[in-house]
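A.B. asks: What follows is target-v9.txt, made up of compact mmCIF, C-alpha atoms:
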```txt
# COMPACT_ATOMS: atom_id res chain seq x y z
CA MET A 1 0.00 0.00 0.00
CA ASN A 2 1.44 3.40 -0.92
CA LYS A 3 1.68 6.31 1.51
CA GLN A 4 -1.38 8.08 0.19
CA ALA A 5 -3.51 4.99 0.62
CA ARG A 6 -2.23 4.47 4.14
CA ILE A 7 -2.97 8.09 5.03
CA THR A 8 -6.42 7.83 3.49
CA GLU A 9 -7.10 4.73 5.55
CA ILE A 10 -6.21 6.62 8.75
CA VAL A 11 -8.45 9.54 7.81
CA GLU A 12 -11.34 7.25 6.94
CA LYS A 13 -10.98 5.40 10.21
CA LEU A 14 -11.07 8.68 12.16
CA SER A 15 -13.95 10.19 10.22
CA GLY A 16 -15.88 6.93 10.17
CA LYS A 17 -16.74 7.15 6.50
CA PRO A 18 -15.16 6.74 3.06
CA LEU A 19 -13.17 9.74 1.90
CA ALA A 20 -15.15 11.57 -0.76
CA ILE A 21 -12.76 14.45 -1.49
CA GLY A 22 -9.64 14.77 -3.60
CA PRO A 23 -6.08 14.59 -2.25
CA ASP A 24 -5.67 18.36 -2.47
CA ASP A 25 -8.97 19.26 -0.82
CA SER A 26 -9.02 20.56 2.75
CA LEU A 27 -9.90 17.93 5.30
CA PHE A 28 -11.14 20.64 7.65
CA GLU A 29 -13.10 22.89 5.33
CA SER A 30 -14.83 19.84 3.83
CA GLY A 31 -15.83 18.71 7.31
CA VAL A 32 -13.98 15.38 7.13
CA LEU A 33 -11.96 16.08 10.29
CA ASP A 34 -12.49 18.47 13.17
CA SER A 35 -9.78 19.93 15.39
CA PHE A 36 -9.85 17.05 17.84
CA ALA A 37 -9.79 14.35 15.18
CA LEU A 38 -6.72 16.15 13.88
CA THR A 39 -4.88 15.52 17.14
CA ASP A 40 -5.85 11.85 16.93
CA MET A 41 -4.63 11.74 13.33
CA VAL A 42 -1.22 13.05 14.30
CA GLY A 43 -0.82 10.20 16.78
CA ALA A 44 -2.01 7.67 14.20
CA LEU A 45 0.46 9.01 11.62
CA GLU A 46 3.31 8.70 14.11
CA ARG A 47 2.45 5.08 14.76
CA GLU A 48 1.76 4.14 11.14
CA PHE A 49 4.93 5.68 9.73
CA SER A 50 7.16 5.22 12.79
CA ILE A 51 8.01 8.91 12.95
CA ARG A 52 8.04 11.50 15.69
CA ILE A 53 6.24 14.71 14.77
CA PRO A 54 7.81 17.54 16.79
CA ASP A 55 5.69 20.20 18.49
CA ALA A 56 7.01 22.82 16.08
CA ASP A 57 5.33 20.96 13.20
CA LEU A 58 1.96 20.72 14.92
CA THR A 59 0.14 23.22 12.75
CA PRO A 60 -3.01 22.44 10.78
CA ARG A 61 -1.44 23.78 7.56
CA LYS A 62 0.86 20.75 7.37
CA PHE A 63 -2.04 18.34 7.75
CA ASP A 64 -4.80 20.08 5.84
CA SER A 65 -5.06 17.59 2.95
CA ILE A 66 -4.00 14.08 2.02
CA ALA A 67 -1.40 15.56 -0.35
CA ARG A 68 0.05 17.84 2.33
CA ILE A 69 0.21 15.01 4.82
CA GLU A 70 1.96 12.84 2.27
CA ALA A 71 4.46 15.62 1.54
CA TYR A 72 5.10 16.03 5.23
CA ILE A 73 5.61 12.29 5.77
CA GLU A 74 8.04 12.26 2.82
CA SER A 75 9.96 15.15 4.39
CA ARG A 76 10.33 13.19 7.61
CA ALA A 77 11.57 10.02 5.92
CA MET B 1 7.38 23.82 52.02
CA ALA B 2 4.02 25.25 51.05
CA TYR B 3 0.45 24.07 51.31
CA LEU B 4 -2.86 24.59 49.59
CA ARG B 5 -4.93 26.12 52.34
CA ALA B 6 -8.23 26.93 50.61
CA PHE B 7 -9.93 27.87 47.36
CA GLY B 8 -12.76 30.26 46.59
CA ALA B 9 -14.82 31.40 43.65
CA TYR B 10 -17.23 33.99 42.41
CA LEU B 11 -19.53 33.61 39.42
CA PRO B 12 -21.67 36.47 38.15
CA SER B 13 -25.39 35.78 38.29
CA ARG B 14 -26.34 36.23 34.64
CA VAL B 15 -26.60 32.86 32.89
CA VAL B 16 -26.18 32.82 29.11
CA ASP B 17 -27.32 29.51 27.69
CA ASN B 18 -26.55 28.15 24.25
CA ARG B 19 -29.85 29.35 22.82
CA GLU B 20 -29.00 32.93 23.73
CA MET B 21 -25.46 32.46 22.41
CA ALA B 22 -26.89 30.99 19.22
CA ALA B 23 -29.11 34.01 18.71
CA ALA B 24 -26.10 36.32 19.05
CA THR B 25 -23.62 34.36 16.95
CA GLY B 26 -25.63 32.19 14.60
CA ALA B 27 -24.05 29.03 16.01
CA ASP B 28 -26.30 26.02 16.42
CA PRO B 29 -26.85 25.27 20.15
CA GLN B 30 -26.24 21.56 19.61
CA TYR B 31 -23.03 22.35 17.75
CA ILE B 32 -21.82 24.45 20.68
CA LEU B 33 -22.47 21.56 23.07
CA ARG B 34 -20.90 18.99 20.77
CA ALA B 35 -17.84 21.07 19.97
CA SER B 36 -17.10 22.21 23.51
CA GLY B 37 -19.23 20.50 26.15
CA ILE B 38 -20.57 23.92 27.16
CA GLU B 39 -24.27 24.25 28.00
CA GLU B 40 -24.15 27.72 29.52
CA ARG B 41 -21.78 30.38 30.79
CA ARG B 42 -21.97 33.43 33.05
CA PHE B 43 -21.61 37.04 31.94
CA ALA B 44 -20.59 39.83 34.30
CA ALA B 45 -23.00 42.67 34.98
CA PRO B 46 -22.08 46.08 33.53
CA ASP B 47 -20.95 47.32 36.94
CA GLU B 48 -18.67 44.30 37.57
CA SER B 49 -14.99 44.30 36.69
CA VAL B 50 -12.00 41.97 36.77
CA ALA B 51 -11.01 43.52 40.09
CA SER B 52 -14.47 43.50 41.68
CA MET B 53 -14.99 39.82 40.84
CA GLY B 54 -11.47 38.98 41.99
CA ILE B 55 -12.20 40.64 45.32
CA ARG B 56 -15.33 38.54 45.79
CA ALA B 57 -13.49 35.31 44.97
CA ALA B 58 -10.68 36.32 47.33
CA ARG B 59 -13.11 36.97 50.18
CA ASN B 60 -14.73 33.58 49.60
CA CYS B 61 -11.30 31.93 49.66
CA LEU B 62 -10.24 33.71 52.86
CA GLU B 63 -13.52 32.74 54.50
CA ASN B 64 -12.92 29.10 53.52
CA ALA B 65 -9.40 29.39 54.96
CA GLY B 66 -10.62 30.92 58.19
CA LEU B 67 -8.27 33.86 57.73
CA ALA B 68 -8.61 37.61 57.41
CA ALA B 69 -7.36 39.68 54.47
CA GLY B 70 -4.80 41.19 56.84
CA ASP B 71 -3.12 37.81 57.12
CA VAL B 72 -2.15 37.87 53.43
CA GLY B 73 1.51 38.60 52.79
CA LEU B 74 1.52 38.61 48.99
CA LEU B 75 -1.11 38.75 46.28
CA LEU B 76 -0.75 37.35 42.75
CA ALA B 77 -3.54 38.17 40.30
CA SER B 78 -3.91 36.65 36.87
CA THR B 79 -6.14 37.95 34.11
CA SER B 80 -6.23 38.15 30.34
CA SER B 81 -9.17 40.51 30.19
CA ALA B 82 -7.97 43.49 32.24
CA GLU B 83 -9.76 46.76 31.57
CA TYR B 84 -6.48 48.69 31.32
CA ARG B 85 -3.10 48.08 29.71
CA PHE B 86 -1.80 49.21 33.10
CA PRO B 87 -2.17 49.02 35.98
CA GLY B 88 -3.33 45.44 36.13
CA PRO B 89 -6.02 44.52 38.64
CA ALA B 90 -3.71 43.15 41.36
CA SER B 91 -3.29 46.39 43.30
CA ALA B 92 -6.99 47.26 42.99
CA ILE B 93 -7.87 43.82 44.36
CA GLY B 94 -5.49 44.41 47.25
CA ALA B 95 -7.05 47.80 47.93
CA GLY B 96 -10.53 46.29 47.73
CA LEU B 97 -9.51 43.73 50.33
CA GLY B 98 -8.18 46.54 52.51
CA ILE B 99 -4.58 45.35 52.38
CA GLN B 100 -2.93 48.39 50.82
CA GLY B 101 0.82 48.03 51.21
CA VAL B 102 0.87 44.30 50.64
CA PRO B 103 2.76 43.57 47.39
CA ALA B 104 0.37 42.71 44.58
CA ILE B 105 1.73 41.29 41.34
CA ASP B 106 -0.10 40.92 38.03
CA LEU B 107 0.26 37.79 35.93
CA PRO B 108 -1.21 38.56 32.50
CA ILE B 109 -1.16 34.93 31.40
CA ALA B 110 -4.38 33.82 29.73
CA SER B 111 -5.72 30.50 30.96
CA ALA B 112 -2.49 29.24 32.55
CA GLY B 113 -1.96 32.25 34.84
CA SER B 114 -3.53 30.70 37.92
CA LEU B 115 -1.40 27.59 37.63
CA PHE B 116 1.73 29.69 37.24
CA GLY B 117 0.58 31.75 40.22
CA MET B 118 0.11 28.66 42.38
CA ALA B 119 3.55 27.35 41.44
CA LEU B 120 5.19 30.71 42.16
CA ALA B 121 3.25 31.01 45.41
CA ALA B 122 4.66 27.67 46.55
CA HIS B 123 8.16 29.13 46.26
CA LEU B 124 7.26 32.51 47.73
CA ALA B 125 5.14 31.34 50.67
CA PRO B 126 8.15 30.61 52.93
CA ALA B 127 9.11 34.29 52.56
CA TYR B 128 5.64 35.90 52.54
CA GLY B 129 3.52 33.53 54.65
CA HIS B 130 0.04 33.45 53.15
CA VAL B 131 0.05 34.04 49.38
CA LEU B 132 -3.30 34.76 47.76
CA VAL B 133 -3.54 33.71 44.10
CA ILE B 134 -6.45 35.09 42.12
CA GLY B 135 -7.67 34.48 38.58
CA SER B 136 -10.41 36.82 37.40
CA GLU B 137 -11.78 37.22 33.90
CA VAL B 138 -14.45 39.18 32.07
CA MET B 139 -14.02 37.33 28.80
CA SER B 140 -17.43 38.44 27.52
CA ARG B 141 -15.92 41.88 26.90
CA VAL B 142 -12.95 40.64 24.88
CA VAL B 143 -14.84 38.37 22.48
CA LYS B 144 -17.18 39.58 19.77
CA LEU B 145 -20.69 38.13 19.78
CA HIS B 146 -21.01 38.11 16.02
CA PRO B 147 -21.32 35.33 13.41
CA ALA B 148 -17.87 36.18 12.06
CA HIS B 149 -16.34 35.38 15.47
CA ARG B 150 -18.69 32.65 16.63
CA ASP B 151 -16.13 29.84 16.89
CA THR B 152 -14.33 31.84 19.56
CA ALA B 153 -17.22 33.72 21.15
CA ILE B 154 -19.21 30.58 22.03
CA LEU B 155 -16.43 29.25 24.25
CA PHE B 156 -15.90 31.91 26.87
CA GLY B 157 -17.53 33.01 30.10
CA ASP B 158 -16.81 35.25 33.07
CA GLY B 159 -15.83 34.37 36.61
CA ALA B 160 -13.17 34.51 39.28
CA GLY B 161 -11.35 32.04 41.46
CA ALA B 162 -8.85 32.24 44.30
CA CYS B 163 -6.39 30.03 46.11
CA LEU B 164 -4.55 30.56 49.37
CA VAL B 165 -1.08 29.05 49.50
CA SER B 166 0.40 28.99 52.99
CA ALA B 167 3.81 28.22 54.40
CA ALA B 168 2.59 26.70 57.64
CA THR B 169 -0.43 24.46 57.11
CA GLY B 170 -3.02 23.44 54.58
CA PHE B 171 -5.04 20.49 53.38
CA ALA B 172 -2.53 19.54 50.67
CA LEU B 173 1.24 19.80 50.43
CA ILE B 174 2.49 21.28 47.16
CA ARG B 175 5.17 18.87 46.02
CA ASP B 176 6.30 19.96 42.58
CA ALA B 177 5.35 21.77 39.41
CA VAL B 178 6.28 21.62 35.74
CA LEU B 179 6.00 24.98 33.96
CA ALA B 180 6.86 25.68 30.34
CA SER B 181 6.51 28.37 27.67
CA ASP B 182 6.87 28.42 23.88
CA GLY B 183 6.74 31.76 22.07
CA ASP B 184 6.80 30.15 18.63
CA PHE B 185 3.03 29.93 18.82
CA ALA B 186 2.39 33.27 20.54
CA SER B 187 0.32 34.55 17.63
CA SER B 188 -2.06 31.60 17.66
CA LEU B 189 -3.96 32.91 20.70
CA ARG B 190 -3.85 36.61 21.44
CA LEU B 191 -5.75 39.76 22.28
CA ASP B 192 -4.62 42.63 20.09
CA LEU B 193 -5.23 46.23 21.02
CA ASN B 194 -8.74 47.36 20.08
CA ALA B 195 -9.65 43.99 18.55
CA PRO B 196 -11.53 40.93 19.79
CA LEU B 197 -9.76 37.83 21.05
CA SER B 198 -8.15 35.94 18.19
CA MET B 199 -7.61 32.21 18.32
CA ASP B 200 -6.34 29.74 15.75
CA GLY B 201 -8.29 26.97 17.40
CA ARG B 202 -6.80 24.07 15.47
CA THR B 203 -3.24 25.04 16.27
CA VAL B 204 -4.08 25.68 19.93
CA ILE B 205 -5.80 22.31 20.24
CA MET B 206 -2.97 20.47 18.51
CA GLN B 207 -0.44 22.06 20.82
CA ALA B 208 -2.51 21.63 23.98
CA ALA B 209 -3.37 18.00 23.26
CA ARG B 210 0.36 17.26 23.04
CA LYS B 211 1.77 19.53 25.74
CA ILE B 212 -0.66 19.03 28.63
CA PRO B 213 -0.36 15.22 28.83
CA ARG B 214 3.40 15.49 28.47
CA ALA B 215 3.66 17.97 31.36
CA ILE B 216 1.48 15.78 33.57
CA ALA B 217 3.47 12.66 32.66
CA GLU B 218 6.79 14.39 33.37
CA LEU B 219 5.53 15.67 36.71
CA LEU B 220 4.21 12.31 37.83
CA GLU B 221 7.22 10.38 36.60
CA ARG B 222 9.77 12.50 38.38
CA ASN B 223 7.75 12.26 41.60
CA GLN B 224 7.22 8.52 41.14
CA VAL B 225 3.45 8.81 41.20
CA ALA B 226 1.42 6.51 38.97
CA PRO B 227 -1.37 8.28 37.05
CA ALA B 228 -3.85 5.77 38.46
CA ALA B 229 -2.88 6.86 42.00
CA VAL B 230 -4.03 10.45 41.44
CA GLY B 231 -7.31 11.07 43.21
CA ALA B 232 -8.42 13.98 41.05
CA PHE B 233 -7.20 15.97 38.09
CA LEU B 234 -8.22 19.62 38.27
CA MET B 235 -7.66 21.17 34.87
CA HIS B 236 -8.22 24.46 33.13
CA GLN B 237 -11.72 24.08 31.73
CA ALA B 238 -11.02 24.95 28.10
CA ASN B 239 -13.00 22.34 26.22
CA LEU B 240 -14.57 19.04 27.24
CA ASN B 241 -13.13 17.30 24.18
CA LEU B 242 -9.63 18.43 25.11
CA ILE B 243 -9.98 17.27 28.72
CA THR B 244 -11.21 13.88 27.49
CA ARG B 245 -8.21 13.53 25.20
CA VAL B 246 -5.82 14.41 28.02
CA ALA B 247 -7.40 11.67 30.15
CA HIS B 248 -6.97 9.15 27.34
CA ALA B 249 -3.39 10.25 26.67
CA ILE B 250 -2.32 9.55 30.24
CA ALA B 251 -4.50 6.45 30.46
CA VAL B 252 -6.69 7.67 33.31
CA PRO B 253 -10.48 7.23 33.51
CA GLU B 254 -12.27 10.38 32.40
CA ASP B 255 -14.18 10.60 35.65
CA ARG B 256 -10.97 11.41 37.51
CA PHE B 257 -11.05 14.80 35.77
CA PHE B 258 -13.30 17.27 37.55
CA LEU B 259 -15.62 19.05 35.13
CA ASN B 260 -17.69 22.18 35.36
CA ILE B 261 -17.16 23.53 31.85
CA HIS B 262 -20.78 22.71 30.99
CA ARG B 263 -21.93 25.41 33.42
CA TYR B 264 -19.31 28.13 33.04
CA GLY B 265 -17.56 27.68 29.69
CA ASN B 266 -13.94 28.69 29.41
CA THR B 267 -13.23 31.36 32.02
CA SER B 268 -9.54 31.53 31.05
CA SER B 269 -7.23 31.94 34.04
CA ALA B 270 -10.15 31.78 36.49
CA SER B 271 -11.31 28.34 35.44
CA LEU B 272 -8.71 26.24 37.23
CA LEU B 273 -9.40 27.96 40.55
CA ILE B 274 -13.18 27.87 40.12
CA ALA B 275 -12.92 24.14 39.39
CA ALA B 276 -10.72 23.62 42.44
CA ALA B 277 -13.09 25.61 44.65
CA GLU B 278 -16.07 23.52 43.53
CA TRP B 279 -14.11 20.29 43.90
CA CYS B 280 -13.20 21.26 47.47
CA GLU B 281 -16.80 22.17 48.22
CA GLN B 282 -17.88 18.74 47.01
CA HIS B 283 -15.08 17.03 48.95
CA PRO B 284 -14.90 18.75 52.35
CA SER B 285 -12.75 15.88 53.64
CA PRO B 286 -10.81 14.81 50.56
CA PRO B 287 -9.10 11.43 50.76
CA CYS B 288 -5.33 11.47 51.30
CA GLY B 289 -3.34 11.16 48.10
CA PRO B 290 -2.10 13.02 45.06
CA LEU B 291 -3.96 15.83 43.27
CA VAL B 292 -2.87 17.16 39.90
CA PHE B 293 -3.61 20.63 38.55
CA ALA B 294 -2.95 21.41 34.89
CA ALA B 295 -3.44 24.32 32.53
CA PHE B 296 -2.55 25.56 29.07
CA GLY B 297 -2.93 29.00 27.58
CA ALA B 298 -1.74 31.86 25.44
CA GLY B 299 1.94 32.43 25.16
CA LEU B 300 2.04 29.54 24.87
CA HIS B 301 2.31 28.78 28.59
CA TRP B 302 1.40 25.45 30.15
CA GLY B 303 2.18 23.19 33.05
CA ALA B 304 1.07 20.91 35.82
CA LEU B 305 1.30 20.98 39.61
CA LEU B 306 1.32 18.08 42.04
CA ALA B 307 -0.05 18.31 45.57
CA THR B 308 -0.71 15.62 48.14
CA VAL B 309 -3.76 15.76 50.37
CA GLN B 310 -2.59 15.44 53.97
CA PRO B 311 -4.08 13.34 56.78
CA PRO B 312 -6.71 15.44 58.63
CA ILE B 313 -4.57 15.65 61.77
CA SER B 314 -1.83 17.57 59.94
CA ARG B 315 -4.08 19.97 58.01
```
The structure given in the file should be rewritten as structure tokens.

C.D. replies:
Amino acid sequence: MNKQARITEIVEKLSGKPLAIGPDDSLFESGVLDSFALTDMVGALEREFSIRIPDADLTPRKFDSIARIEAYIESRA
Amino acid sequence: MAYLRAFGAYLPSRVVDNREMAAATGADPQYILRASGIEERRFAAPDESVASMGIRAARNCLENAGLAAGDVGLLLASTSSAEYRFPGPASAIGAGLGIQGVPAIDLPIASAGSLFGMALAAHLAPAYGHVLVIGSEVMSRVVKLHPAHRDTAILFGDGAGACLVSAATGFALIRDAVLASDGDFASSLRLDLNAPLSMDGRTVIMQAARKIPRAIAELLERNQVAPAAVGAFLMHQANLNLITRVAHAIAVPEDRFFLNIHRYGNTSSASLLIAAAEWCEQHPSPPCGPLVFAAFGAGLHWGALLATVQPPISR
């Protein structure tokens, strides 16, 4: 499974429904995730990709879409 | 050494429920409850101020402590909604209590100010005796009740709390505190001049959900206290969903966290002390064991404080 699919799976699990937006669409503005689900997603990403996301990177801008999350994960590899 | 001697609180009488808030902001009442856990909040009367409410909370605290205002050796007052850029309300609160001459220090630290005050008081009590810590907020005057600001406006309420930290005796020994600050996110929660409170809620929540559990874990670990051994967690009442996540993060049942956010909303630096005052009222003879206080606010500033309830004979 590629990174985007793994990220999508995490988002779908948190939102409880299949993802119906594109990889560049905002997860927040589309209502897929709220602020608190976002904090849960960060923890899930850390576990899934075995990375540590530092406090300085905890801004919604970095996690606003599947594409941005993927880019961030790539940058941490 | 220093002890928690007593807490006190004052809440203005006007109740603003979610229906009234919805009418002012356009937010759905059920959304407000779901997003925050808040059912209602209090708003100060036009003739009430940060100082006047702080004085009332202080008097309630002193009464609970069985002490007079003249016994206070130092006053620390936290607010984020002061009416003036300076002076802050600390000296006015001191004057209102009739203790002119006693040093009164302002702590303009939104939400976390009371926790910082309690931690500082623990260090200062051996020199000053009885240290009165006050958190008082009129948040209704720093938010804008308008649809464009509804995500922020729906969260806040007014109130005041107080805590007496004493060098000699008290019901709980203050053992340790973890305090921290991070200016990298200072702009995410702020009150600009002549503008309503501004909050990047997502960033604040992301930071708080990480930093609060970490501070609590560090505090407990270095004092060799298991989270499960803590009798009660008294936290800044910012958002029910945040408090729930903190409980999960440190693997403690949610019911260990005292809650009153549903009645008062987020009263910024007053909320921790109001929560503590109500917890004490509900537990006049609290069981011996650890208590944890925690808060997070603008700055960013955050931290946690550990106290141990003493056997009745030594209180």

A.B. asks: Between CA of Gln100 (chain B) and CA of His130 (chain B), what is the spacing in Å?

C.D. replies: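 Going from CA of His130 (chain B) over to CA of Gln100 (chain B) covers 15.4 Å.
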
A.B. asks: Can you work out which residues from chain A touch chain B at a cut-off of 7 Å (counting only C-alpha atoms) and hand them back as a list in words?

C.D. replies: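 Every residue meeting the condition is included here: Ser35, Thr39, Asp55, Leu58, Thr59 and Pro60 of chain A.
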
A.B. asks: Rounded to one decimal, what separation in Å do you get between CA of Ala275 (chain B) and CA of Ala162 (chain B)?

C.D. replies: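 Taking CA of Ala275 (chain B) and CA of Ala162 (chain B), their separation equals 10.3 Å.
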
A.B. asks: For the atom pair CA of Ser269 (chain B) and CA of Glu281 (chain B), what is the interatomic distance in Å to one decimal place?

C.D. replies: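 Separation of CA of Ser269 (chain B) and CA of Glu281 (chain B): 19.7 Å.
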
A.B. asks: Could you check the closest approach to Ala5 (chain A) for each of A:Ala67, A:Ala77, A:Tyr72, A:Gly43 and tell me which residue wins, using all atoms listed in the file?

C.D. replies: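 Among A:Ala67, A:Ala77, A:Tyr72, A:Gly43, it is A:Ala67 that comes nearest to Ala5 (chain A).
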
A.B. asks: What's around region 12-23 of chain B at 9 Å? Count all atoms listed in the file, leave out sequence neighbours fewer than 3 positions away in its own chain, and write the answer as a list in words.

C.D. replies: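 So the residues in contact are Gly26, Ala27, Asp28, Pro29, Gln30, Ile32, Leu33, Ile38, Glu39, Glu40, Arg41, Arg42, Phe43, Ala44, Ala45, Glu48, Met53, Leu145, Arg150, Ala153, Ile154, Gly157, Asp158, Gly159, Ala160, Arg263 and Tyr264 of chain B.
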
A.B. asks: Counting only C-alpha atoms, which residue out of A:Arg76, A:Phe63, A:Ala71, A:Ala56 sits closest to Leu33 (chain A)?

C.D. replies: A:Phe63

A.B. asks: Restricting the calculation to only C-alpha atoms, which member of B:Gly231, B:Gly113, B:Gly73, B:Pro126 is positioned closest to Ala294 (chain B)?

C.D. replies: B:Gly113

A.B. asks: Quick one: residues within 7 Å of Leu189 (chain B), only C-alpha atoms, excluding same-chain residues fewer than 3 positions away - as a ChimeraX atom specification?

C.D. replies: /B:186,198-200,298

A.B. asks: Could you check the closest approach to Ile66 (chain A) for each of A:Asn2, A:Asp24, A:Leu19, A:Pro54 and tell me which residue wins, using only C-alpha atoms?

C.D. replies: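 Once distances to Ile66 (chain A) are computed over only C-alpha atoms, the minimum belongs to A:Asp24.
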
A.B. asks: Nearest to Leu14 (chain A) among A:Glu74, A:Ser26, A:Ala44, A:Phe49, with distances taken over only C-alpha atoms: which residue is it?

C.D. replies: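 Residue with the minimum atom-to-atom distance to Leu14 (chain A): A:Ala44.
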
A.B. asks: Need the neighbours of (-6.7, 41.6, 29.3): which residues are at most 12 Å away, counting only C-alpha atoms, as a ChimeraX atom specification?

C.D. replies: /B:49-51,77-89,106-111,113,135-143,190-197,268-269,298

A.B. asks: List every protein, DNA or RNA residue that has at least one atom no more than 10 Å from (-12.2, 14.0, 10.6) in the file's coordinates, counting only C-alpha atoms, and write the result as a list in words.

C.D. replies: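 Output: Ile10, Val11, Glu12, Lys13, Leu14, Ser15, Gly16, Lys17, Leu19, Leu27, Phe28, Ser30, Gly31, Val32, Leu33, Asp34, Ser35, Phe36, Ala37, Leu38, Thr39, Asp40 and Met41 of chain A.
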
A.B. asks: Please provide the set of residues having any atom within 12 Å of Asn260 (chain B), restricted to all atoms listed in the file, with same-chain residues fewer than 4 positions apart removed, written as a list in words.

C.D. replies: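 Neighbouring residues, sequence-local ones excluded: Ser36, Gly37, Ile38, Glu39, Glu40, Arg41, Leu234, Met235, His236, Gln237, Ala238, Asn239, Leu240, Ile243, Tyr264, Gly265, Asn266, Thr267, Ser271, Leu272, Leu273, Ile274, Ala275, Ala276, Ala277, Glu278 and Trp279 of chain B.
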
A.B. asks: Might I get the box with edges along x, y and z of the file that holds all atoms of region 125-135 of chain B listed there, padded by 5 Å on every side, given as centre and edge lengths in Å to one decimal, as AutoDock Vina command-line options?

C.D. replies:
```
--center_x 0.7 --center_y 33.3 --center_z 46.6 --size_x 26.8 --size_y 15.3 --size_z 26.1
```

A.B. asks: Using all atoms listed in the file, which protein or nucleic acid residues come within 9 Å of Leu97 (chain B)? Drop anything in the same chain fewer than 3 positions from it, and give the result as a PDB file with C-alpha atoms, in the frame of the given file.

C.D. replies:
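Final output, around_32.pdb:
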```pdb
ATOM      1  CA  ILE B  55     -12.200  40.640  45.320  1.00  0.00           C
ATOM      2  CA  ALA B  58     -10.680  36.320  47.330  1.00  0.00           C
ATOM      3  CA  ARG B  59     -13.110  36.970  50.180  1.00  0.00           C
ATOM      4  CA  ALA B  69      -7.360  39.680  54.470  1.00  0.00           C
ATOM      5  CA  GLY B  70      -4.800  41.190  56.840  1.00  0.00           C
ATOM      6  CA  ALA B  92      -6.990  47.260  42.990  1.00  0.00           C
ATOM      7  CA  ILE B  93      -7.870  43.820  44.360  1.00  0.00           C
ATOM      8  CA  GLY B  94      -5.490  44.410  47.250  1.00  0.00           C
ATOM      9  CA  GLN B 100      -2.930  48.390  50.820  1.00  0.00           C
TER      10      GLN B 100
END
```

A.B. asks: Using only C-alpha atoms, which protein or nucleic acid residues come within 9 Å of Gln4 (chain A)? Drop anything in the same chain fewer than 2 positions from it, and give the result as a PyMOL selection string.

C.D. replies: chain A and resi 1-2+6-9+23+66-67+69-70

A.B. asks: Which residue, B:Ala247, B:Gly297, B:Pro253, B:Leu306, has the smallest gap to Gln224 (chain B) when you use all atoms listed in the file?

C.D. replies: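 Between B:Ala247, B:Gly297, B:Pro253, B:Leu306, the residue approaching Gln224 (chain B) most closely is B:Leu306.
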